[in-house]
Amino acid sequence: MSTTTTATTNPAPAAAVPEVKPVSRTDNYIWGSYIGLLIISVIELFSASSQEVRVDDIYGPIIRHGMFLAMGLAIMLTLQRVHFRRIYQFIPAFVVMSIIMMILVLLVGVNVNGVRRGIKILGQMILPAEFLKLAVALGIAAILARSQIKGKRDVTNAGVIMCAVLVLFSSALLFNQGLTNTLLLMSISLGMMLVGGVSWRKLGVVLLTYMVIGGAAMGVKAMAHKDTGPTPEDIALAQINGTDPKTSGDKDNRFGTWKERITRHLRFNKYADPINDENKQEQLSYIAQAHGGLTGVGIGHSRETARLPLAFSDYIFAIVVEELGAVVAIVVLAFYMFLMGRAGRLAMVFKGTLPCLLVIGCALVICLQALFHICIVVGVFPVSGQPLPLISKGGTSIIATCVALGIMLSASRWAARTTDGEDAFRRELSALPDNIATDNPSQI
């Protein structure tokens with residue numbers, strides 16, 4: 001008995017948490033997708049930035065874009081070497097920081113395209129919405145990882161509620177910037193819950209909750225909207241163009257703008273409408289794509305880049321089609337889909353829950369945003385501002401995308417896989433907090 005007691009109270013050194021050693025592997029599939037998008041970004045950004053080019057600084061836009069791409073590359077290389085357990089520890093701070101920045105935008109934000117979207121830090125414009133989308137995905141990954149019901153493919157009720165609350169609260173912060181970001185957050189969360197083992201019944205309840213609360217929010221917006229009638233400028237412009245004067249709603253209530261965009265989107269044969277101030281962006285975007293055809297007009301030969309507003313950001317895919325053609329545009333789409341497919345493959349072979357959800361969450365943020373951008377540009381979705389990850393001009397978007405890619409590379413490099421054996425998985429579990437050391441739900 002004394003020998004047994006001594007062995008229990010004084011464990012041998014072998015019972016200590018083993019040191020986690022680096023795994024010598026780099027995910028060439030993720031890097032391949034990144035490099036392909038990077039090439040398109042450098043080629044097309046310069047062409048699409050003609051509206052910003054000055055006679056004395058023709059290379060300014062591409063140099064600034066290149067600097068952000070270089071910063072993003074440095075972030076990816078750094079995060080790749082950081083074990084994902086360290087990233088997990090930083091997630092709460094990142095979520096709180098992103099929420100605080102969004103609140104500052106609502107209070108003292110800078111107007112971008114008529115809406116408070118950014119804040120200036122050290123003279124640099126920051127768009128916190130890009131960080132918040134990633135923060136929500138990482139937050140959901142952390143919550144679902146520690147809310148798994150062991151031995152069963154399901155998540156606790158508390159975990160599902162926390163995820164839904166995080167999404168709804170973040171959506172409320174983004175709501176006034178546009179419906180696209182709100183729908184994007186909800187789509188990301190539903191995808192992660194599906195992969196994270198949430199049962200179909202709970203997933204249905206979450207979806208119904210999103211629909212009810214979202215519908216109620218739209219109803220409140222509609223009731224608060226005030227139609228102030230056309231301004232003198234609207235009347236004068238309508239007389240010149242021979243059109244009906246538009247109405248002017250509350251500038252702080254975008255319901256009128258949303259309603260107008262959806263109505264315009266649903267009209268019959270919208271592609272043949274004459275160009276006016278309301279549909280200028282979308283019509284010029286359609287013209288650019290029609291001009292490019294299958295093979296494009298060639299790099300630097302875009303005709304519409306000088307006329308299309310925000311050609312370098314919200315409508316850069318139209319310039320890709322015009323210059324490189326629909327064939328290359330499909331290749332660009334394939335890069336994003338390949339990245340999503342690679343994330344799905346990794347999620348199936350990882351032994352643990354946390355790396356699985358980190359990879360899927362980051363991939364959904366990048367790829368769903370790319371799909372939203374492309375669908376808006378080609379006319380499938382109503383007009384809304386959404387950058388194309390890595391390709392559109394914008395420092396915040398590039399940095400957020402590279403952080404997401406860096407986290408995917410970290411999980412890919414360090415996480416134990418089904419081919420690594422049980423010893424590798426035990427070492428991984430020993431290095432993680434007990435509340436997230438769970439089996440991948442896709443393998444249960």
# chains A, B, ... in the order shown; residues from 1 in each chain; ligands from 1

call {"tool": "closest_atom_pairs", "arguments": {"of": "region 308-418 of chain A", "to": "region 146-162 of chain A", "cutoff": "12 Å", "atoms": "only C-alpha atoms", "output": "tab-separated table"}}
result
residue	atom	partner	partner_atom	distance
A:Gly352	CA	A:Gln148	CA	11.2
A:Thr353	CA	A:Gln148	CA	8.5
A:Leu354	CA	A:Arg146	CA	8.5
A:Leu357	CA	A:Arg146	CA	11.3

call {"tool": "residues_around", "arguments": {"residues": "Ser384 (chain A)", "least_positions_apart": "6", "cutoff": "8 Å", "atoms": "only C-alpha atoms", "output": "MDAnalysis selection string"}}
result
chainID A and resid 178 180 376

call {"tool": "residues_around", "arguments": {"residues": "Leu390 (chain A)", "least_positions_apart": "2", "cutoff": "12 Å", "atoms": "only C-alpha atoms", "output": "MDAnalysis selection string"}}
result
chainID A and resid 33:42 44:45 65:66 68:70 72:73 312:313 316:317 332 335:336 366:367 369:370 387:388 392:405

call {"tool": "residues_around", "arguments": {"residues": "region 410-415 of chain A", "least_positions_apart": "4", "cutoff": "9 Å", "atoms": "only C-alpha atoms", "output": "MDAnalysis selection string"}}
result
chainID A and resid 20:27 76 79:84 87 346 350:352 354:356 358:359 405:406 424:425 428

call {"tool": "residues_around", "arguments": {"residues": "Leu138 (chain A)", "least_positions_apart": "5", "cutoff": "9 Å", "atoms": "only C-alpha atoms", "output": "number ranges by chain"}}
result
A: 88, 91-92, 94-95, 133, 143, 357-358, 361-362

call {"tool": "select_by_dssp", "arguments": {"residues": "region 252-391 of chain A", "states": "alpha helix (DSSP H)", "output": "VMD selection string"}}
result
chain A and resid 255 to 265 280 to 292 316 to 349 353 to 378
